[in-house]
Amino acid sequence: MLKSIPRQIKECRLMPGLKQKDMLSRIGISRQQYQQIESNGNPRLETLDLIAQGLNCEIMLIPKDKVMLVQAVLEGKINSLPDESLQNPWADLLGDND
């Protein structure tokens with residue numbers, strides 16, 4: 001199961017050794033505002049995008065049936081995605097079979 005967005009944000013901040021107060025200079029959010037987001041906040045999409053940029057990360061939508069596969073790649077359990085997963089991952093997402 002995927003980690004919550006606030007937990008993912010915190011882990012991305014800690015990887016390079018950043019403190020919450022460092023986010024002010026990176027994205028213009030005070031430590032208190034940033035702390036609230038990390039501890040169960042519900043940031044607006046614009047704020048989430050700003051945080052991702054400040055942490056040198058990307059926001060992605062992954063089809064549910066591909067989450068386990070993407071996690072395995074990110075965790076180094078497999079080296080790359082199989083060719084069939086690279087074919088339109090959005091095919092049949094809305095029940096369209098065209």
# chains A, B, ... in the order shown; residues from 1 in each chain; ligands from 1

$ closest_atom_pairs --of "range 37-75 of chain A" --to "range 11-26 of chain A" --cutoff "10 Å" --atoms "only C-alpha atoms" --output "CSV"
residue,atom,partner,partner_atom,distance
A:Glu38,CA,A:Gln20,CA,9.2
A:Leu50,CA,A:Arg26,CA,9.2
A:Ile51,CA,A:Met23,CA,8.2
A:Ala52,CA,A:Cys12,CA,8.7
A:Gln53,CA,A:Arg26,CA,8.8
A:Gly54,CA,A:Arg26,CA,5.4
A:Leu55,CA,A:Arg13,CA,6.3
A:Asn56,CA,A:Cys12,CA,8.6
A:Cys57,CA,A:Cys12,CA,7.7

$ write_last_selection --atoms "all heavy atoms" --output "short mmCIF file (atom, residue, chain, number, x, y, z; two decimals), in the first residue's frame"
data_model
loop_
_atom_site.label_atom_id
_atom_site.label_comp_id
_atom_site.auth_asym_id
_atom_site.auth_seq_id
_atom_site.Cartn_x
_atom_site.Cartn_y
_atom_site.Cartn_z
N GLU A 38 2.95 18.39 6.63
CA GLU A 38 3.57 17.09 6.90
C GLU A 38 2.83 16.30 7.96
O GLU A 38 2.89 15.08 7.97
CB GLU A 38 5.03 17.27 7.35
CG GLU A 38 6.01 17.25 6.23
CD GLU A 38 7.44 17.16 6.71
OE1 GLU A 38 7.70 16.85 7.89
OE2 GLU A 38 8.32 17.43 5.88
N LEU A 50 4.28 22.94 -5.66
CA LEU A 50 5.38 23.78 -5.20
C LEU A 50 6.32 22.99 -4.29
O LEU A 50 7.54 23.07 -4.42
CB LEU A 50 4.81 25.00 -4.46
CG LEU A 50 5.75 26.10 -4.08
CD1 LEU A 50 6.38 26.74 -5.30
CD2 LEU A 50 4.99 27.16 -3.29
N ILE A 51 5.76 22.21 -3.38
CA ILE A 51 6.57 21.38 -2.48
C ILE A 51 7.36 20.36 -3.28
O ILE A 51 8.56 20.18 -3.05
CB ILE A 51 5.68 20.69 -1.43
CG1 ILE A 51 5.13 21.72 -0.44
CG2 ILE A 51 6.46 19.60 -0.68
CD1 ILE A 51 4.05 21.17 0.49
N ALA A 52 6.72 19.71 -4.24
CA ALA A 52 7.41 18.72 -5.07
C ALA A 52 8.59 19.36 -5.79
O ALA A 52 9.69 18.80 -5.82
CB ALA A 52 6.44 18.09 -6.06
N GLN A 53 8.39 20.54 -6.36
CA GLN A 53 9.48 21.24 -7.04
C GLN A 53 10.61 21.55 -6.08
O GLN A 53 11.79 21.38 -6.40
CB GLN A 53 8.97 22.51 -7.69
CG GLN A 53 8.10 22.28 -8.89
CD GLN A 53 7.55 23.59 -9.45
OE1 GLN A 53 8.17 24.63 -9.33
NE2 GLN A 53 6.37 23.51 -10.05
N GLY A 54 10.26 22.03 -4.87
CA GLY A 54 11.27 22.37 -3.87
C GLY A 54 12.06 21.17 -3.38
O GLY A 54 13.19 21.31 -2.93
N LEU A 55 11.46 20.00 -3.47
CA LEU A 55 12.13 18.77 -3.04
C LEU A 55 12.72 17.99 -4.22
O LEU A 55 13.19 16.87 -4.05
CB LEU A 55 11.13 17.89 -2.28
CG LEU A 55 10.64 18.45 -0.95
CD1 LEU A 55 9.52 17.59 -0.39
CD2 LEU A 55 11.79 18.58 0.04
N ASN A 56 12.67 18.61 -5.40
CA ASN A 56 13.17 17.97 -6.62
C ASN A 56 12.49 16.63 -6.86
O ASN A 56 13.13 15.61 -7.12
CB ASN A 56 14.70 17.81 -6.56
CG ASN A 56 15.29 17.57 -7.93
OD1 ASN A 56 14.74 18.01 -8.94
ND2 ASN A 56 16.40 16.87 -7.97
N CYS A 57 11.16 16.63 -6.74
CA CYS A 57 10.34 15.43 -6.93
C CYS A 57 9.28 15.69 -7.98
O CYS A 57 9.08 16.83 -8.40
CB CYS A 57 9.66 15.04 -5.62
SG CYS A 57 10.80 14.50 -4.35
#

$ atom_distance --atom1 "CA of Lys3 in chain A" --atom2 "CA of Asp65 in chain A"
16.5 Å

$ decode --residues "range 27-62 of chain A" --atoms "N, CA, C and O atoms" --output "mmCIF file, in the first residue's frame"
data_model
loop_
_atom_site.group_PDB
_atom_site.id
_atom_site.type_symbol
_atom_site.label_atom_id
_atom_site.label_comp_id
_atom_site.auth_asym_id
_atom_site.auth_seq_id
_atom_site.Cartn_x
_atom_site.Cartn_y
_atom_site.Cartn_z
ATOM 1 N N ILE A 27 10.782 27.083 -0.997
ATOM 2 C CA ILE A 27 9.469 27.258 -1.627
ATOM 3 C C ILE A 27 8.643 28.393 -1.036
ATOM 4 O O ILE A 27 7.517 28.625 -1.463
ATOM 5 N N GLY A 28 9.188 29.087 -0.035
ATOM 6 C CA GLY A 28 8.468 30.230 0.519
ATOM 7 C C GLY A 28 7.383 29.882 1.519
ATOM 8 O O GLY A 28 6.498 30.680 1.764
ATOM 9 N N ILE A 29 7.439 28.685 2.081
ATOM 10 C CA ILE A 29 6.457 28.276 3.091
ATOM 11 C C ILE A 29 7.161 28.274 4.447
ATOM 12 O O ILE A 29 8.240 27.689 4.585
ATOM 13 N N SER A 30 6.546 28.901 5.431
ATOM 14 C CA SER A 30 7.162 28.944 6.766
ATOM 15 C C SER A 30 7.210 27.540 7.361
ATOM 16 O O SER A 30 6.501 26.632 6.932
ATOM 17 N N ARG A 31 8.066 27.379 8.363
ATOM 18 C CA ARG A 31 8.189 26.084 9.027
ATOM 19 C C ARG A 31 6.846 25.637 9.586
ATOM 20 O O ARG A 31 6.463 24.476 9.474
ATOM 21 N N GLN A 32 6.090 26.559 10.173
ATOM 22 C CA GLN A 32 4.799 26.212 10.755
ATOM 23 C C GLN A 32 3.813 25.727 9.686
ATOM 24 O O GLN A 32 3.108 24.739 9.885
ATOM 25 N N GLN A 33 3.751 26.429 8.552
ATOM 26 C CA GLN A 33 2.860 26.014 7.464
ATOM 27 C C GLN A 33 3.279 24.649 6.923
ATOM 28 O O GLN A 33 2.444 23.775 6.704
ATOM 29 N N TYR A 34 4.569 24.492 6.734
ATOM 30 C CA TYR A 34 5.071 23.234 6.199
ATOM 31 C C TYR A 34 4.842 22.099 7.191
ATOM 32 O O TYR A 34 4.446 20.995 6.805
ATOM 33 N N GLN A 35 5.071 22.364 8.471
ATOM 34 C CA GLN A 35 4.868 21.351 9.511
ATOM 35 C C GLN A 35 3.419 20.857 9.505
ATOM 36 O O GLN A 35 3.164 19.662 9.639
ATOM 37 N N GLN A 36 2.487 21.761 9.325
ATOM 38 C CA GLN A 36 1.081 21.393 9.288
ATOM 39 C C GLN A 36 0.791 20.454 8.108
ATOM 40 O O GLN A 36 0.039 19.491 8.234
ATOM 41 N N ILE A 37 1.391 20.711 6.970
ATOM 42 C CA ILE A 37 1.193 19.859 5.795
ATOM 43 C C ILE A 37 1.755 18.463 6.056
ATOM 44 O O ILE A 37 1.109 17.463 5.761
ATOM 45 N N GLU A 38 2.954 18.393 6.629
ATOM 46 C CA GLU A 38 3.575 17.094 6.897
ATOM 47 C C GLU A 38 2.831 16.295 7.961
ATOM 48 O O GLU A 38 2.890 15.083 7.969
ATOM 49 N N SER A 39 2.176 16.965 8.868
ATOM 50 C CA SER A 39 1.537 16.250 9.976
ATOM 51 C C SER A 39 0.040 16.088 9.772
ATOM 52 O O SER A 39 -0.724 16.211 10.706
ATOM 53 N N ASN A 40 -0.361 15.785 8.587
ATOM 54 C CA ASN A 40 -1.752 15.484 8.259
ATOM 55 C C ASN A 40 -2.425 16.574 7.466
ATOM 56 O O ASN A 40 -3.646 16.586 7.395
ATOM 57 N N GLY A 41 -1.663 17.453 6.926
ATOM 58 C CA GLY A 41 -2.257 18.522 6.151
ATOM 59 C C GLY A 41 -2.921 18.011 4.885
ATOM 60 O O GLY A 41 -2.707 16.881 4.456
ATOM 61 N N ASN A 42 -3.720 18.857 4.317
ATOM 62 C CA ASN A 42 -4.388 18.555 3.066
ATOM 63 C C ASN A 42 -4.071 19.709 2.115
ATOM 64 O O ASN A 42 -4.904 20.585 1.907
ATOM 65 N N PRO A 43 -2.838 19.698 1.553
ATOM 66 C CA PRO A 43 -2.424 20.845 0.748
ATOM 67 C C PRO A 43 -3.218 20.965 -0.542
ATOM 68 O O PRO A 43 -3.672 19.972 -1.114
ATOM 69 N N ARG A 44 -3.382 22.193 -0.982
ATOM 70 C CA ARG A 44 -3.974 22.429 -2.308
ATOM 71 C C ARG A 44 -3.016 21.872 -3.345
ATOM 72 O O ARG A 44 -1.815 21.723 -3.104
ATOM 73 N N LEU A 45 -3.528 21.599 -4.519
ATOM 74 C CA LEU A 45 -2.701 21.030 -5.582
ATOM 75 C C LEU A 45 -1.536 21.954 -5.931
ATOM 76 O O LEU A 45 -0.408 21.501 -6.134
ATOM 77 N N GLU A 46 -1.784 23.262 -5.951
ATOM 78 C CA GLU A 46 -0.715 24.219 -6.267
ATOM 79 C C GLU A 46 0.397 24.156 -5.219
ATOM 80 O O GLU A 46 1.577 24.222 -5.546
ATOM 81 N N THR A 47 0.004 24.012 -3.942
ATOM 82 C CA THR A 47 0.990 23.919 -2.864
ATOM 83 C C THR A 47 1.756 22.607 -2.966
ATOM 84 O O THR A 47 2.976 22.576 -2.798
ATOM 85 N N LEU A 48 1.060 21.539 -3.271
ATOM 86 C CA LEU A 48 1.699 20.235 -3.426
ATOM 87 C C LEU A 48 2.712 20.265 -4.564
ATOM 88 O O LEU A 48 3.817 19.756 -4.440
ATOM 89 N N ASP A 49 2.353 20.908 -5.661
ATOM 90 C CA ASP A 49 3.265 21.035 -6.790
ATOM 91 C C ASP A 49 4.491 21.861 -6.407
ATOM 92 O O ASP A 49 5.621 21.513 -6.757
ATOM 93 N N LEU A 50 4.282 22.937 -5.662
ATOM 94 C CA LEU A 50 5.379 23.779 -5.200
ATOM 95 C C LEU A 50 6.322 22.992 -4.291
ATOM 96 O O LEU A 50 7.545 23.069 -4.422
ATOM 97 N N ILE A 51 5.756 22.210 -3.383
ATOM 98 C CA ILE A 51 6.566 21.383 -2.482
ATOM 99 C C ILE A 51 7.364 20.364 -3.282
ATOM 100 O O ILE A 51 8.562 20.180 -3.049
ATOM 101 N N ALA A 52 6.719 19.713 -4.239
ATOM 102 C CA ALA A 52 7.413 18.718 -5.066
ATOM 103 C C ALA A 52 8.595 19.358 -5.787
ATOM 104 O O ALA A 52 9.694 18.796 -5.815
ATOM 105 N N GLN A 53 8.387 20.543 -6.359
ATOM 106 C CA GLN A 53 9.480 21.235 -7.042
ATOM 107 C C GLN A 53 10.612 21.555 -6.075
ATOM 108 O O GLN A 53 11.786 21.376 -6.400
ATOM 109 N N GLY A 54 10.262 22.029 -4.871
ATOM 110 C CA GLY A 54 11.273 22.374 -3.872
ATOM 111 C C GLY A 54 12.062 21.175 -3.381
ATOM 112 O O GLY A 54 13.190 21.311 -2.926
ATOM 113 N N LEU A 55 11.462 19.995 -3.472
ATOM 114 C CA LEU A 55 12.125 18.771 -3.037
ATOM 115 C C LEU A 55 12.715 17.990 -4.217
ATOM 116 O O LEU A 55 13.185 16.874 -4.055
ATOM 117 N N ASN A 56 12.666 18.610 -5.403
ATOM 118 C CA ASN A 56 13.174 17.972 -6.619
ATOM 119 C C ASN A 56 12.488 16.626 -6.864
ATOM 120 O O ASN A 56 13.131 15.613 -7.116
ATOM 121 N N CYS A 57 11.160 16.630 -6.743
ATOM 122 C CA CYS A 57 10.342 15.431 -6.930
ATOM 123 C C CYS A 57 9.281 15.692 -7.984
ATOM 124 O O CYS A 57 9.079 16.827 -8.399
ATOM 125 N N GLU A 58 8.599 14.648 -8.385
ATOM 126 C CA GLU A 58 7.509 14.728 -9.342
ATOM 127 C C GLU A 58 6.246 14.175 -8.710
ATOM 128 O O GLU A 58 6.304 13.227 -7.937
ATOM 129 N N ILE A 59 5.122 14.741 -9.073
ATOM 130 C CA ILE A 59 3.825 14.215 -8.667
ATOM 131 C C ILE A 59 3.340 13.345 -9.823
ATOM 132 O O ILE A 59 3.414 13.760 -10.977
ATOM 133 N N MET A 60 2.857 12.142 -9.511
ATOM 134 C CA MET A 60 2.400 11.231 -10.550
ATOM 135 C C MET A 60 1.073 10.612 -10.186
ATOM 136 O O MET A 60 0.811 10.367 -9.015
ATOM 137 N N LEU A 61 0.284 10.344 -11.205
ATOM 138 C CA LEU A 61 -0.909 9.527 -11.058
ATOM 139 C C LEU A 61 -0.570 8.197 -11.692
ATOM 140 O O LEU A 61 -0.168 8.132 -12.851
ATOM 141 N N ILE A 62 -0.717 7.132 -10.924
ATOM 142 C CA ILE A 62 -0.386 5.806 -11.418
ATOM 143 C C ILE A 62 -1.657 4.970 -11.400
ATOM 144 O O ILE A 62 -2.324 4.882 -10.367
#
